[in-house]
Each structure stands twice: as C-alpha cells, then as structure tokens.
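Below is one structure, written out as structure tokens; the observations come after it.
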Amino acid sequence: MRIHREGFVYILLATALWIILGWTASHFIPWQWLSGLITFLLFLVWFWIVAFFRLPTRNMVHGENKIICPADGKVVVIEETYEPEYFKDKRLQVSIFMSPINVHVNRNPVSGLIKYMKYHPGKYLVAWHPKSSTENERTTLVIGNDNGDLLIRQIAGAMARRIKYYVKEGDVVKQNEEFGFISFGSRVDIYLPTGTVVDVKIGDVVRGGVTVLAHVAPLL
C-alpha cells in the first residue's frame, strides 16, 4: 500500500505520539490493564491515520465522452441549482460526501485546460449542510475542453480543515490526474449542464478515477 505525500507529517506525528504516550503509560500508570488499553487506543489512532492517507493502485477508467468521479465517497446530492460564482446560471449539481474512512485524493473528471481556479476561506459547517457550498472554506476549479466547461468544488467540512490543490489557471490537465486533497472528511461538488443524464444515483458509493459519473451530452 502506498501512502499519499500529504500524510507523511501526520503519520510521523502520530508515531511520535504513540511512542511517547505509550512509554509514559507503561512506566507511570500502575494498572497494567489501563496502560495496555491506552497503548491500544493510540495504536488505533495511528492505524486510522495511516489508512486515511492510503493511495491504492487502481485501474482508472478513461474516455473523452465520460465524466469520471473526482473523489471516493457517497453521492448525497443530485439536483438543479443556481451556480453563482462562475456560470451564474442553473446547473445540475452532483455532490460526493467523503467520510473520514474514504480515500481523500481528488482527481480531474475530464481532461482539458484550467480556465478558472480560486480559493475561498470560510466556515467549517458539516459537509452536508446546505450552505457549505457557499460559506465553507472551498476551492472552485473549472476545466474546459471541446465539450465545454465543467466546475468542481472542494469543500471543507467540520473536520476537514486543510484543502490542498495542485493546479492553477492555464494548466493543461489529464483525466484522473490528482488536482487536490482534503484532509479528514469533506465534500466535492460537480456542476454539469442541466438535463445531463448522470450514471449514478443518490446513495451510491463511488470511487475516484473509476466510477463513471455521467456521459458528455455535450457540455455547454
């Protein structure tokens, strides 16, 4: 299993915490069962952090007419809504909630040119809150190609307070390459043209780079 580069510091800190507190518990707590329990709980925290930053090897799905899921998680929203930042019109929003146990790599759903990229500081409402798309810390990314423009938004949640993005305006990106990472629970929104027939439904568990979200209609 590979570990994502964003996890190296967290894993080192968790390892140091496990060693220091485990040693302290074993030497200064007179009850062996309690020191053993503390050490075990510290191990579980360490194991969860390592697992959180895992980077599994996958057989990615590609296709010029396919829009691939940008993240692992569960589909929680499929609805028409007004997109106020870039398109300034109605779009079909598909939202993927990433729980703390999901892989948190974010991937380009299509290939193309980064036409717009902006980071917004903000609040840390729970990721499924209706206002999280406009009030939480977030980034907005627009990829354009011959089929049109596609908007992807990384949204921080109550636990996710570290959004990372690796692209900028003017970059040419390829489908399924990493464009970012969000630590410890979050959400990714994708805005498609209204009328697009998506290939997923609410409640579906999806995988970034693998699950086909929709087929190009073409985009507008």
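As shown in the structure tokens, the chain order sets the letters A, B, ...; within each chain, residues go from 1, and ligands are also counted from 1 in the order they appear.
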Can you pull out the residues contacting A:Tyr116? Cut-off 6 Å, using only C-alpha atoms, and skip same-chain residues under 3 positions away; I want them as a list in words.
Leu141, Val142 and Glu169 of chain A
Which parts of stretch 72-147 of chain A does DSSP call strand (DSSP E) when run on the backbone here, written out as a compact mmCIF listing (two decimals) with N, CA, C and O atoms, in the first residue's frame?
# COMPACT_ATOMS: atom_id res chain seq x y z
N GLY A 73 -16.43 8.22 -2.15
CA GLY A 73 -17.44 8.62 -1.18
C GLY A 73 -18.82 8.17 -1.56
O GLY A 73 -18.99 7.18 -2.29
N LYS A 74 -19.82 8.91 -1.08
CA LYS A 74 -21.22 8.58 -1.33
C LYS A 74 -21.90 9.77 -2.00
O LYS A 74 -21.71 10.92 -1.60
N VAL A 75 -22.71 9.49 -3.01
CA VAL A 75 -23.46 10.55 -3.68
C VAL A 75 -24.59 11.00 -2.76
O VAL A 75 -25.44 10.19 -2.37
N VAL A 76 -24.59 12.28 -2.40
CA VAL A 76 -25.58 12.78 -1.44
C VAL A 76 -26.51 13.82 -2.06
O VAL A 76 -27.56 14.13 -1.47
N VAL A 77 -26.15 14.38 -3.20
CA VAL A 77 -26.99 15.40 -3.85
C VAL A 77 -26.95 15.19 -5.36
O VAL A 77 -25.89 15.02 -5.95
N ILE A 78 -28.13 15.19 -5.98
CA ILE A 78 -28.27 15.32 -7.43
C ILE A 78 -29.46 16.24 -7.65
O ILE A 78 -30.61 15.82 -7.48
N GLU A 79 -29.22 17.49 -8.00
CA GLU A 79 -30.32 18.44 -8.12
C GLU A 79 -29.91 19.64 -8.98
O GLU A 79 -28.73 19.98 -9.08
N GLU A 80 -30.89 20.28 -9.58
CA GLU A 80 -30.64 21.52 -10.30
C GLU A 80 -30.53 22.66 -9.30
O GLU A 80 -31.32 22.75 -8.36
N THR A 81 -29.53 23.52 -9.50
CA THR A 81 -29.33 24.63 -8.59
C THR A 81 -28.64 25.76 -9.33
O THR A 81 -28.05 25.55 -10.40
N TYR A 82 -28.69 26.95 -8.77
CA TYR A 82 -28.03 28.11 -9.36
C TYR A 82 -26.57 28.12 -8.94
O TYR A 82 -26.27 28.03 -7.74
N GLU A 83 -25.67 28.23 -9.90
CA GLU A 83 -24.23 28.30 -9.60
C GLU A 83 -23.81 29.77 -9.73
O GLU A 83 -23.74 30.30 -10.84
N ASP A 89 -25.67 30.67 -13.70
CA ASP A 89 -26.92 30.16 -14.24
C ASP A 89 -27.21 28.82 -13.59
O ASP A 89 -26.48 28.37 -12.71
N LYS A 90 -28.29 28.18 -14.01
CA LYS A 90 -28.65 26.89 -13.42
C LYS A 90 -27.78 25.78 -13.97
O LYS A 90 -27.48 25.74 -15.16
N ARG A 91 -27.38 24.90 -13.07
CA ARG A 91 -26.58 23.73 -13.41
C ARG A 91 -27.11 22.53 -12.64
O ARG A 91 -27.84 22.67 -11.66
N LEU A 92 -26.71 21.35 -13.07
CA LEU A 92 -27.04 20.13 -12.34
C LEU A 92 -25.90 19.83 -11.38
O LEU A 92 -24.77 19.57 -11.82
N GLN A 93 -26.17 19.91 -10.10
CA GLN A 93 -25.15 19.69 -9.08
C GLN A 93 -25.16 18.23 -8.62
O GLN A 93 -26.20 17.68 -8.27
N VAL A 94 -23.99 17.62 -8.62
CA VAL A 94 -23.81 16.29 -8.06
C VAL A 94 -22.77 16.42 -6.95
O VAL A 94 -21.66 16.92 -7.18
N SER A 95 -23.12 15.99 -5.74
CA SER A 95 -22.22 16.14 -4.59
C SER A 95 -21.83 14.77 -4.05
O SER A 95 -22.66 13.88 -3.92
N ILE A 96 -20.54 14.64 -3.73
CA ILE A 96 -19.99 13.40 -3.18
C ILE A 96 -19.46 13.70 -1.78
O ILE A 96 -18.57 14.55 -1.62
N PHE A 97 -20.01 13.04 -0.79
CA PHE A 97 -19.54 13.20 0.59
C PHE A 97 -18.44 12.20 0.86
O PHE A 97 -18.59 10.99 0.64
N MET A 98 -17.30 12.71 1.35
CA MET A 98 -16.14 11.88 1.65
C MET A 98 -16.05 11.75 3.17
O MET A 98 -15.74 12.71 3.87
N VAL A 105 -8.06 11.59 -2.05
CA VAL A 105 -7.45 12.17 -3.24
C VAL A 105 -8.57 12.71 -4.14
O VAL A 105 -9.62 12.08 -4.29
N ASN A 106 -8.35 13.88 -4.75
CA ASN A 106 -9.29 14.45 -5.71
C ASN A 106 -8.67 14.41 -7.10
O ASN A 106 -7.52 14.81 -7.29
N ARG A 107 -9.44 13.91 -8.08
CA ARG A 107 -8.91 13.69 -9.43
C ARG A 107 -9.73 14.45 -10.47
O ARG A 107 -10.92 14.68 -10.29
N GLY A 112 -8.42 18.65 -19.96
CA GLY A 112 -8.69 19.97 -20.51
C GLY A 112 -7.79 21.04 -19.94
O GLY A 112 -6.73 20.76 -19.35
N LEU A 113 -8.23 22.29 -20.09
CA LEU A 113 -7.50 23.46 -19.65
C LEU A 113 -8.14 24.03 -18.39
O LEU A 113 -9.37 24.15 -18.31
N ILE A 114 -7.31 24.35 -17.38
CA ILE A 114 -7.84 25.01 -16.18
C ILE A 114 -8.14 26.46 -16.54
O ILE A 114 -7.25 27.28 -16.73
N LYS A 115 -9.44 26.76 -16.66
CA LYS A 115 -9.86 28.10 -17.08
C LYS A 115 -10.12 29.03 -15.89
O LYS A 115 -10.14 30.25 -16.05
N TYR A 116 -10.31 28.43 -14.72
CA TYR A 116 -10.62 29.24 -13.53
C TYR A 116 -10.21 28.45 -12.30
O TYR A 116 -10.46 27.25 -12.21
N MET A 117 -9.56 29.11 -11.35
CA MET A 117 -9.16 28.46 -10.11
C MET A 117 -9.15 29.51 -9.01
O MET A 117 -8.48 30.55 -9.14
N LYS A 118 -9.90 29.28 -7.95
CA LYS A 118 -9.93 30.26 -6.87
C LYS A 118 -10.14 29.56 -5.53
O LYS A 118 -10.94 28.64 -5.41
N TYR A 119 -9.39 30.02 -4.53
CA TYR A 119 -9.52 29.52 -3.16
C TYR A 119 -10.34 30.52 -2.35
O TYR A 119 -10.12 31.74 -2.44
N HIS A 120 -11.28 30.01 -1.55
CA HIS A 120 -12.12 30.85 -0.71
C HIS A 120 -11.96 30.43 0.75
O HIS A 120 -12.30 29.30 1.10
N ARG A 138 -13.29 26.59 0.71
CA ARG A 138 -13.51 25.82 -0.51
C ARG A 138 -12.59 26.31 -1.62
O ARG A 138 -12.02 27.41 -1.54
N THR A 139 -12.46 25.50 -2.64
CA THR A 139 -11.82 25.92 -3.88
C THR A 139 -12.79 25.67 -5.02
O THR A 139 -13.61 24.75 -4.95
N THR A 140 -12.70 26.49 -6.04
CA THR A 140 -13.51 26.32 -7.24
C THR A 140 -12.57 26.15 -8.42
O THR A 140 -11.67 26.96 -8.63
N LEU A 141 -12.80 25.10 -9.17
CA LEU A 141 -11.95 24.74 -10.31
C LEU A 141 -12.82 24.52 -11.54
O LEU A 141 -13.84 23.84 -11.44
N VAL A 142 -12.46 25.14 -12.65
CA VAL A 142 -13.19 24.94 -13.90
C VAL A 142 -12.25 24.38 -14.94
O VAL A 142 -11.19 24.96 -15.23
N ILE A 143 -12.63 23.23 -15.50
CA ILE A 143 -11.86 22.59 -16.57
C ILE A 143 -12.66 22.73 -17.87
O ILE A 143 -13.84 22.37 -17.92
N GLY A 144 -12.00 23.27 -18.90
CA GLY A 144 -12.66 23.42 -20.19
C GLY A 144 -12.00 22.56 -21.26
O GLY A 144 -10.78 22.37 -21.26
N ASN A 145 -12.83 22.02 -22.15
CA ASN A 145 -12.32 21.28 -23.31
C ASN A 145 -13.32 21.45 -24.45
O ASN A 145 -14.20 22.31 -24.39
Counting only C-alpha atoms, which residues of stretch 14-56 of chain A sit at most 10 Å from some atom of stretch 184-205 of chain A, and what is each one's closest atom pair with its distance in Å to one decimal, listed by chain and rising residue number, as CSV?
residue,atom,partner,partner_atom,distance
A:Ile49,CA,A:Phe184,CA,9.2
A:Phe52,CA,A:Phe184,CA,7.8
A:Phe53,CA,A:Phe184,CA,9.5
Under the rule that only C-alpha atoms are counted, which of A:Ala71, A:Leu21, A:Val110, A:Leu55 is the nearest residue to A:Phe40?
A:Leu21
Need the shell around A:Tyr166: protein/DNA/RNA residues with any atom at most 8 Å away, counting only C-alpha atoms. Skip same-chain ones fewer than 3 positions apart. Format as a PyMOL selection string?
chain A and resi 178-180
